[in-house]
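Pasted below: coords_33.pdb, PDB, C-alpha atoms, pLDDT in the B column.
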```pdb
ATOM      1  CA  MET A   1       8.497  57.300 -63.683  1.00 77.00           C
ATOM      2  CA  ILE A   2       9.281  60.574 -61.898  1.00 78.00           C
ATOM      3  CA  ALA A   3       5.681  60.761 -60.701  1.00 82.00           C
ATOM      4  CA  ASN A   4       5.867  57.263 -59.154  1.00 90.00           C
ATOM      5  CA  ALA A   5       9.171  57.953 -57.412  1.00 91.00           C
ATOM      6  CA  LEU A   6       7.840  61.270 -56.091  1.00 88.00           C
ATOM      7  CA  LEU A   7       4.664  59.610 -54.831  1.00 92.00           C
ATOM      8  CA  TYR A   8       6.599  56.889 -52.975  1.00 96.00           C
ATOM      9  CA  TYR A   9       8.961  59.461 -51.487  1.00 96.00           C
ATOM     10  CA  LEU A  10       6.076  61.642 -50.288  1.00 95.00           C
ATOM     11  CA  ILE A  11       4.296  58.688 -48.711  1.00 97.00           C
ATOM     12  CA  VAL A  12       7.401  57.613 -46.794  1.00 98.00           C
ATOM     13  CA  ILE A  13       8.474  61.103 -45.669  1.00 98.00           C
ATOM     14  CA  ASN A  14       4.948  61.925 -44.477  1.00 98.00           C
ATOM     15  CA  ILE A  15       4.655  58.698 -42.477  1.00 98.00           C
ATOM     16  CA  VAL A  16       8.066  59.340 -40.915  1.00 98.00           C
ATOM     17  CA  THR A  17       7.172  62.974 -40.132  1.00 98.00           C
ATOM     18  CA  PHE A  18       3.838  61.982 -38.579  1.00 98.00           C
ATOM     19  CA  LEU A  19       5.573  59.418 -36.362  1.00 98.00           C
ATOM     20  CA  VAL A  20       8.333  61.858 -35.358  1.00 97.00           C
ATOM     21  CA  TYR A  21       5.717  64.402 -34.256  1.00 96.00           C
ATOM     22  CA  GLY A  22       4.074  61.667 -32.166  1.00 96.00           C
ATOM     23  CA  ILE A  23       7.389  60.629 -30.639  1.00 96.00           C
ATOM     24  CA  ASP A  24       8.198  64.241 -29.758  1.00 95.00           C
ATOM     25  CA  LYS A  25       4.797  64.673 -28.103  1.00 94.00           C
ATOM     26  CA  TRP A  26       5.301  61.459 -26.139  1.00 96.00           C
ATOM     27  CA  LYS A  27       8.768  62.611 -25.071  1.00 95.00           C
ATOM     28  CA  ALA A  28       7.325  65.969 -24.010  1.00 92.00           C
ATOM     29  CA  LYS A  29       4.837  64.209 -21.743  1.00 94.00           C
ATOM     30  CA  GLN A  30       7.642  62.066 -20.295  1.00 95.00           C
ATOM     31  CA  GLY A  31       9.778  65.137 -19.635  1.00 92.00           C
ATOM     32  CA  SER A  32      12.682  63.638 -21.538  1.00 93.00           C
ATOM     33  CA  TRP A  33      14.914  64.492 -24.503  1.00 93.00           C
ATOM     34  CA  ARG A  34      13.035  66.317 -27.259  1.00 94.00           C
ATOM     35  CA  ILE A  35      13.300  66.552 -31.017  1.00 95.00           C
ATOM     36  CA  SER A  36      14.274  70.088 -32.003  1.00 95.00           C
ATOM     37  CA  GLU A  37      11.747  72.388 -33.637  1.00 94.00           C
ATOM     38  CA  ALA A  38      14.246  72.870 -36.462  1.00 96.00           C
ATOM     39  CA  THR A  39      14.182  69.126 -37.164  1.00 97.00           C
ATOM     40  CA  LEU A  40      10.387  69.058 -37.107  1.00 96.00           C
ATOM     41  CA  LEU A  41      10.234  71.946 -39.571  1.00 96.00           C
ATOM     42  CA  ILE A  42      12.929  70.470 -41.821  1.00 98.00           C
ATOM     43  CA  LEU A  43      10.927  67.254 -42.091  1.00 98.00           C
ATOM     44  CA  ALA A  44       7.967  69.339 -43.281  1.00 97.00           C
ATOM     45  CA  VAL A  45      10.079  71.310 -45.756  1.00 98.00           C
ATOM     46  CA  ILE A  46      11.579  68.196 -47.367  1.00 98.00           C
ATOM     47  CA  GLY A  47       8.108  66.894 -48.175  1.00 97.00           C
ATOM     48  CA  GLY A  48       6.503  65.879 -44.892  1.00 98.00           C
ATOM     49  CA  SER A  49       4.130  68.816 -44.507  1.00 97.00           C
ATOM     50  CA  ILE A  50       0.977  66.669 -44.638  1.00 97.00           C
ATOM     51  CA  GLY A  51       2.420  64.323 -42.012  1.00 98.00           C
ATOM     52  CA  ALA A  52       3.370  67.333 -39.889  1.00 97.00           C
ATOM     53  CA  LEU A  53      -0.118  68.825 -40.126  1.00 96.00           C
ATOM     54  CA  LEU A  54      -1.700  65.471 -39.317  1.00 96.00           C
ATOM     55  CA  GLY A  55       0.741  65.024 -36.441  1.00 95.00           C
ATOM     56  CA  MET A  56      -0.234  68.414 -35.057  1.00 94.00           C
ATOM     57  CA  LYS A  57      -3.911  67.488 -35.296  1.00 95.00           C
ATOM     58  CA  VAL A  58      -3.745  63.902 -34.026  1.00 96.00           C
ATOM     59  CA  TRP A  59      -1.137  64.377 -31.312  1.00 93.00           C
ATOM     60  CA  HIS A  60      -2.256  67.948 -30.408  1.00 88.00           C
ATOM     61  CA  HIS A  61       1.358  68.953 -30.740  1.00 83.00           C
ATOM     62  CA  LYS A  62       2.831  72.385 -31.544  1.00 84.00           C
ATOM     63  CA  THR A  63      -0.658  73.752 -32.202  1.00 81.00           C
ATOM     64  CA  MET A  64      -0.014  77.060 -30.441  1.00 85.00           C
ATOM     65  CA  HIS A  65       3.371  77.802 -32.016  1.00 85.00           C
ATOM     66  CA  LYS A  66       2.871  80.363 -34.787  1.00 90.00           C
ATOM     67  CA  LYS A  67       5.685  79.024 -36.951  1.00 90.00           C
ATOM     68  CA  PHE A  68       3.908  75.659 -37.005  1.00 91.00           C
ATOM     69  CA  LYS A  69       0.312  76.907 -37.014  1.00 91.00           C
ATOM     70  CA  TYR A  70       0.878  79.237 -39.980  1.00 94.00           C
ATOM     71  CA  GLY A  71       4.171  78.008 -41.410  1.00 93.00           C
ATOM     72  CA  LEU A  72       3.155  74.418 -42.106  1.00 95.00           C
ATOM     73  CA  PRO A  73       0.108  75.302 -44.234  1.00 96.00           C
ATOM     74  CA  LEU A  74       2.288  77.758 -46.165  1.00 97.00           C
ATOM     75  CA  ILE A  75       4.938  75.085 -46.724  1.00 97.00           C
ATOM     76  CA  LEU A  76       2.224  72.716 -47.970  1.00 97.00           C
ATOM     77  CA  LEU A  77       0.924  75.301 -50.454  1.00 97.00           C
ATOM     78  CA  VAL A  78       4.425  75.872 -51.825  1.00 97.00           C
ATOM     79  CA  GLN A  79       4.958  72.124 -52.125  1.00 95.00           C
ATOM     80  CA  ILE A  80       1.675  71.682 -54.008  1.00 94.00           C
ATOM     81  CA  ALA A  81       2.727  74.417 -56.439  1.00 94.00           C
ATOM     82  CA  LEU A  82       6.161  72.815 -56.920  1.00 91.00           C
ATOM     83  CA  ILE A  83       4.661  69.366 -57.534  1.00 87.00           C
ATOM     84  CA  TYR A  84       2.276  70.860 -60.055  1.00 89.00           C
ATOM     85  CA  LEU A  85       5.193  72.524 -61.865  1.00 90.00           C
ATOM     86  CA  ILE A  86       7.287  69.349 -61.799  1.00 82.00           C
ATOM     87  CA  LEU A  87       4.526  67.079 -63.057  1.00 82.00           C
ATOM     88  CA  ASP A  88       3.204  69.567 -65.597  1.00 81.00           C
ATOM     89  CA  CYS A  89       6.494  69.543 -67.534  1.00 63.00           C
TER      90      CYS A  89
END
```
Could you render the structure from this file as structure tokens?
Amino acid sequence: MIANALLYYLIVINIVTFLVYGIDKWKAKQGSWRISEATLLILAVIGGSIGALLGMKVWHHKTMHKKFKYGLPLILLVQIALIYLILDC
């Protein structure tokens, strides 16, 4: 039951994160209001790291920022370890 709820949560948060990265890239091209880097990172931390990494790749967004380039893969590794610990119990 926990595994199913976690899976559904991760699917939704990653789709949302991916779309938010795309929206921020679009807004950057338009020269309009932007989504803060803190918000983008928080979305990754709360489970959207795969969506963030895919968003960086697909939208070519935040690829040169070190905190995204190196931080997101690190966040993903920590999340994988946490999921393993949660589901192993």
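Interatomic distance, atom CA of Tyr9 of chain A to atom CA of Lys27 of chain A: 26.6 Å.
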| query | In Å, how far is it from atom CA of Leu7 of chain A to atom CA of Ile83 of chain A? | reply |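 Taking atom CA of Leu7 of chain A and atom CA of Ile83 of chain A, their separation equals 10.1 Å.
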| task | Please indicate the distance in Å from atom CA of Leu53 of chain A to atom CA of Val20 of chain A, rounded to one decimal place. | result | 11.9 Å
| task | Could you tell me which residues the PyMOL selection byres ((chain A and resi 21-25) around 6) returns for this structure, as a PyMOL selection string? | result | chain A and resi 18-20+26-28+34-35+55+59
| query | Taking into account all atoms listed in the file, which residue in the set A:His61, A:Ile86, A:Leu54, A:Gly47 is nearest to Tyr8 of chain A? | reply |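 Result for the nearest residue to Tyr8 of chain A: A:Gly47.
Distances from A:Ile15, A:Leu40, A:Ala5, A:Gln30 to Leu72 of chain A were compared using only C-alpha atoms, and the smallest one belongs to A:Leu40.
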So that all listed atoms of segment 14-26 of chain A fit with 3 Å spare on each side, what axis-aligned box centre and edge lengths in Å, to one decimal, would you give as lines of an AutoDock Vina configuration file?
```
center_x = 6.1
center_y = 61.7
center_z = -35.3
size_x = 10.5
size_y = 12.0
size_z = 24.3
```
| said: Residue by residue, what does the PyMOL selection byres ((chain A and resi 43-45) around 10) grab here? Present the result as a VMD selection string. | reply: chain A and resid 13 to 14 16 to 18 20 to 21 37 to 42 46 to 53 68 71 to 73 75 to 76 78 to 79
Could you write out that same residue set with C-alpha atoms as a PDB file, in the frame of the given file?
```pdb
ATOM      1  CA  ILE A  13       8.474  61.103 -45.669  1.00 98.00           C
ATOM      2  CA  ASN A  14       4.948  61.925 -44.477  1.00 98.00           C
ATOM      3  CA  VAL A  16       8.066  59.340 -40.915  1.00 98.00           C
ATOM      4  CA  THR A  17       7.172  62.974 -40.132  1.00 98.00           C
ATOM      5  CA  PHE A  18       3.838  61.982 -38.579  1.00 98.00           C
ATOM      6  CA  VAL A  20       8.333  61.858 -35.358  1.00 97.00           C
ATOM      7  CA  TYR A  21       5.717  64.402 -34.256  1.00 96.00           C
ATOM      8  CA  GLU A  37      11.747  72.388 -33.637  1.00 94.00           C
ATOM      9  CA  ALA A  38      14.246  72.870 -36.462  1.00 96.00           C
ATOM     10  CA  THR A  39      14.182  69.126 -37.164  1.00 97.00           C
ATOM     11  CA  LEU A  40      10.387  69.058 -37.107  1.00 96.00           C
ATOM     12  CA  LEU A  41      10.234  71.946 -39.571  1.00 96.00           C
ATOM     13  CA  ILE A  42      12.929  70.470 -41.821  1.00 98.00           C
ATOM     14  CA  ILE A  46      11.579  68.196 -47.367  1.00 98.00           C
ATOM     15  CA  GLY A  47       8.108  66.894 -48.175  1.00 97.00           C
ATOM     16  CA  GLY A  48       6.503  65.879 -44.892  1.00 98.00           C
ATOM     17  CA  SER A  49       4.130  68.816 -44.507  1.00 97.00           C
ATOM     18  CA  ILE A  50       0.977  66.669 -44.638  1.00 97.00           C
ATOM     19  CA  GLY A  51       2.420  64.323 -42.012  1.00 98.00           C
ATOM     20  CA  ALA A  52       3.370  67.333 -39.889  1.00 97.00           C
ATOM     21  CA  LEU A  53      -0.118  68.825 -40.126  1.00 96.00           C
ATOM     22  CA  PHE A  68       3.908  75.659 -37.005  1.00 91.00           C
ATOM     23  CA  GLY A  71       4.171  78.008 -41.410  1.00 93.00           C
ATOM     24  CA  LEU A  72       3.155  74.418 -42.106  1.00 95.00           C
ATOM     25  CA  PRO A  73       0.108  75.302 -44.234  1.00 96.00           C
ATOM     26  CA  ILE A  75       4.938  75.085 -46.724  1.00 97.00           C
ATOM     27  CA  LEU A  76       2.224  72.716 -47.970  1.00 97.00           C
ATOM     28  CA  VAL A  78       4.425  75.872 -51.825  1.00 97.00           C
ATOM     29  CA  GLN A  79       4.958  72.124 -52.125  1.00 95.00           C
TER      30      GLN A  79
END
```
With the input short on atoms, add all heavy atoms back to segment 22-33 of chain A and write it as a PDB file, in the frame of the given file.
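Generated output (result-v5.pdb):
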```
ATOM      1  N   GLY A  22       4.632  62.451 -33.267  1.00 96.00           N
ATOM      2  CA  GLY A  22       4.074  61.667 -32.166  1.00 96.00           C
ATOM      3  C   GLY A  22       5.120  61.320 -31.122  1.00 96.00           C
ATOM      4  O   GLY A  22       4.854  61.390 -29.919  1.00 96.00           O
ATOM      5  N   ILE A  23       6.293  60.947 -31.570  1.00 96.00           N
ATOM      6  CA  ILE A  23       7.389  60.629 -30.639  1.00 96.00           C
ATOM      7  C   ILE A  23       7.763  61.861 -29.822  1.00 96.00           C
ATOM      8  O   ILE A  23       7.955  61.777 -28.605  1.00 96.00           O
ATOM      9  CB  ILE A  23       8.610  60.080 -31.410  1.00 96.00           C
ATOM     10  CG1 ILE A  23       8.290  58.699 -31.960  1.00 96.00           C
ATOM     11  CG2 ILE A  23       9.854  60.050 -30.522  1.00 96.00           C
ATOM     12  CD1 ILE A  23       9.281  58.201 -32.995  1.00 96.00           C
ATOM     13  N   ASP A  24       7.845  63.021 -30.480  1.00 95.00           N
ATOM     14  CA  ASP A  24       8.198  64.241 -29.758  1.00 95.00           C
ATOM     15  C   ASP A  24       7.133  64.598 -28.727  1.00 95.00           C
ATOM     16  O   ASP A  24       7.447  65.015 -27.617  1.00 95.00           O
ATOM     17  CB  ASP A  24       8.420  65.411 -30.725  1.00 95.00           C
ATOM     18  CG  ASP A  24       9.021  66.607 -30.022  1.00 95.00           C
ATOM     19  OD1 ASP A  24      10.034  66.446 -29.315  1.00 95.00           O
ATOM     20  OD2 ASP A  24       8.467  67.724 -30.174  1.00 95.00           O
ATOM     21  N   LYS A  25       5.870  64.404 -29.061  1.00 94.00           N
ATOM     22  CA  LYS A  25       4.797  64.673 -28.103  1.00 94.00           C
ATOM     23  C   LYS A  25       4.908  63.716 -26.916  1.00 94.00           C
ATOM     24  O   LYS A  25       4.773  64.123 -25.759  1.00 94.00           O
ATOM     25  CB  LYS A  25       3.433  64.518 -28.786  1.00 94.00           C
ATOM     26  CG  LYS A  25       2.259  64.728 -27.871  1.00 94.00           C
ATOM     27  CD  LYS A  25       2.195  66.148 -27.342  1.00 94.00           C
ATOM     28  CE  LYS A  25       0.955  66.355 -26.507  1.00 94.00           C
ATOM     29  NZ  LYS A  25       0.715  67.755 -26.207  1.00 94.00           N
ATOM     30  N   TRP A  26       5.158  62.439 -27.204  1.00 96.00           N
ATOM     31  CA  TRP A  26       5.301  61.459 -26.139  1.00 96.00           C
ATOM     32  C   TRP A  26       6.473  61.825 -25.230  1.00 96.00           C
ATOM     33  O   TRP A  26       6.368  61.771 -24.005  1.00 96.00           O
ATOM     34  CB  TRP A  26       5.498  60.066 -26.730  1.00 96.00           C
ATOM     35  CG  TRP A  26       5.628  59.007 -25.688  1.00 96.00           C
ATOM     36  CD1 TRP A  26       4.623  58.425 -24.973  1.00 96.00           C
ATOM     37  CD2 TRP A  26       6.841  58.415 -25.231  1.00 96.00           C
ATOM     38  NE1 TRP A  26       5.139  57.496 -24.096  1.00 96.00           N
ATOM     39  CE2 TRP A  26       6.509  57.472 -24.237  1.00 96.00           C
ATOM     40  CE3 TRP A  26       8.177  58.572 -25.571  1.00 96.00           C
ATOM     41  CZ2 TRP A  26       7.455  56.702 -23.587  1.00 96.00           C
ATOM     42  CZ3 TRP A  26       9.126  57.816 -24.918  1.00 96.00           C
ATOM     43  CH2 TRP A  26       8.761  56.891 -23.934  1.00 96.00           C
ATOM     44  N   LYS A  27       7.587  62.219 -25.851  1.00 95.00           N
ATOM     45  CA  LYS A  27       8.768  62.611 -25.071  1.00 95.00           C
ATOM     46  C   LYS A  27       8.476  63.847 -24.231  1.00 95.00           C
ATOM     47  O   LYS A  27       8.968  63.968 -23.109  1.00 95.00           O
ATOM     48  CB  LYS A  27       9.960  62.837 -25.990  1.00 95.00           C
ATOM     49  CG  LYS A  27      10.398  61.570 -26.692  1.00 95.00           C
ATOM     50  CD  LYS A  27      11.883  61.430 -26.564  1.00 95.00           C
ATOM     51  CE  LYS A  27      12.322  60.149 -27.225  1.00 95.00           C
ATOM     52  NZ  LYS A  27      13.273  59.454 -26.407  1.00 95.00           N
ATOM     53  N   ALA A  28       7.686  64.767 -24.765  1.00 92.00           N
ATOM     54  CA  ALA A  28       7.325  65.969 -24.010  1.00 92.00           C
ATOM     55  C   ALA A  28       6.537  65.593 -22.762  1.00 92.00           C
ATOM     56  O   ALA A  28       6.761  66.146 -21.680  1.00 92.00           O
ATOM     57  CB  ALA A  28       6.513  66.916 -24.884  1.00 92.00           C
ATOM     58  N   LYS A  29       5.622  64.653 -22.901  1.00 94.00           N
ATOM     59  CA  LYS A  29       4.837  64.209 -21.743  1.00 94.00           C
ATOM     60  C   LYS A  29       5.697  63.490 -20.715  1.00 94.00           C
ATOM     61  O   LYS A  29       5.416  63.556 -19.516  1.00 94.00           O
ATOM     62  CB  LYS A  29       3.706  63.285 -22.199  1.00 94.00           C
ATOM     63  CG  LYS A  29       2.576  63.990 -22.893  1.00 94.00           C
ATOM     64  CD  LYS A  29       1.486  62.999 -23.245  1.00 94.00           C
ATOM     65  CE  LYS A  29       0.293  63.684 -23.850  1.00 94.00           C
ATOM     66  NZ  LYS A  29      -0.792  62.732 -24.144  1.00 94.00           N
ATOM     67  N   GLN A  30       6.743  62.793 -21.188  1.00 95.00           N
ATOM     68  CA  GLN A  30       7.642  62.066 -20.295  1.00 95.00           C
ATOM     69  C   GLN A  30       8.664  62.992 -19.638  1.00 95.00           C
ATOM     70  O   GLN A  30       9.347  62.594 -18.702  1.00 95.00           O
ATOM     71  CB  GLN A  30       8.394  60.975 -21.068  1.00 95.00           C
ATOM     72  CG  GLN A  30       7.505  59.960 -21.742  1.00 95.00           C
ATOM     73  CD  GLN A  30       6.615  59.222 -20.761  1.00 95.00           C
ATOM     74  OE1 GLN A  30       7.074  58.757 -19.725  1.00 95.00           O
ATOM     75  NE2 GLN A  30       5.346  59.115 -21.079  1.00 95.00           N
ATOM     76  N   GLY A  31       8.799  64.200 -20.169  1.00 92.00           N
ATOM     77  CA  GLY A  31       9.778  65.137 -19.635  1.00 92.00           C
ATOM     78  C   GLY A  31      11.199  64.773 -20.020  1.00 92.00           C
ATOM     79  O   GLY A  31      12.150  65.120 -19.324  1.00 92.00           O
ATOM     80  N   SER A  32      11.345  64.061 -21.134  1.00 93.00           N
ATOM     81  CA  SER A  32      12.682  63.638 -21.538  1.00 93.00           C
ATOM     82  C   SER A  32      13.154  64.377 -22.781  1.00 93.00           C
ATOM     83  O   SER A  32      12.515  65.314 -23.241  1.00 93.00           O
ATOM     84  CB  SER A  32      12.690  62.119 -21.765  1.00 93.00           C
ATOM     85  OG  SER A  32      11.839  61.778 -22.823  1.00 93.00           O
ATOM     86  N   TRP A  33      14.281  63.915 -23.333  1.00 93.00           N
ATOM     87  CA  TRP A  33      14.914  64.492 -24.503  1.00 93.00           C
ATOM     88  C   TRP A  33      13.877  64.765 -25.576  1.00 93.00           C
ATOM     89  O   TRP A  33      12.980  63.963 -25.806  1.00 93.00           O
ATOM     90  CB  TRP A  33      15.975  63.518 -24.993  1.00 93.00           C
ATOM     91  CG  TRP A  33      16.487  63.808 -26.363  1.00 93.00           C
ATOM     92  CD1 TRP A  33      17.471  64.678 -26.689  1.00 93.00           C
ATOM     93  CD2 TRP A  33      16.054  63.221 -27.593  1.00 93.00           C
ATOM     94  NE1 TRP A  33      17.673  64.675 -28.052  1.00 93.00           N
ATOM     95  CE2 TRP A  33      16.800  63.783 -28.634  1.00 93.00           C
ATOM     96  CE3 TRP A  33      15.083  62.290 -27.924  1.00 93.00           C
ATOM     97  CZ2 TRP A  33      16.637  63.443 -29.959  1.00 93.00           C
ATOM     98  CZ3 TRP A  33      14.914  61.949 -29.241  1.00 93.00           C
ATOM     99  CH2 TRP A  33      15.689  62.524 -30.245  1.00 93.00           C
TER     100      TRP A  33
END
```
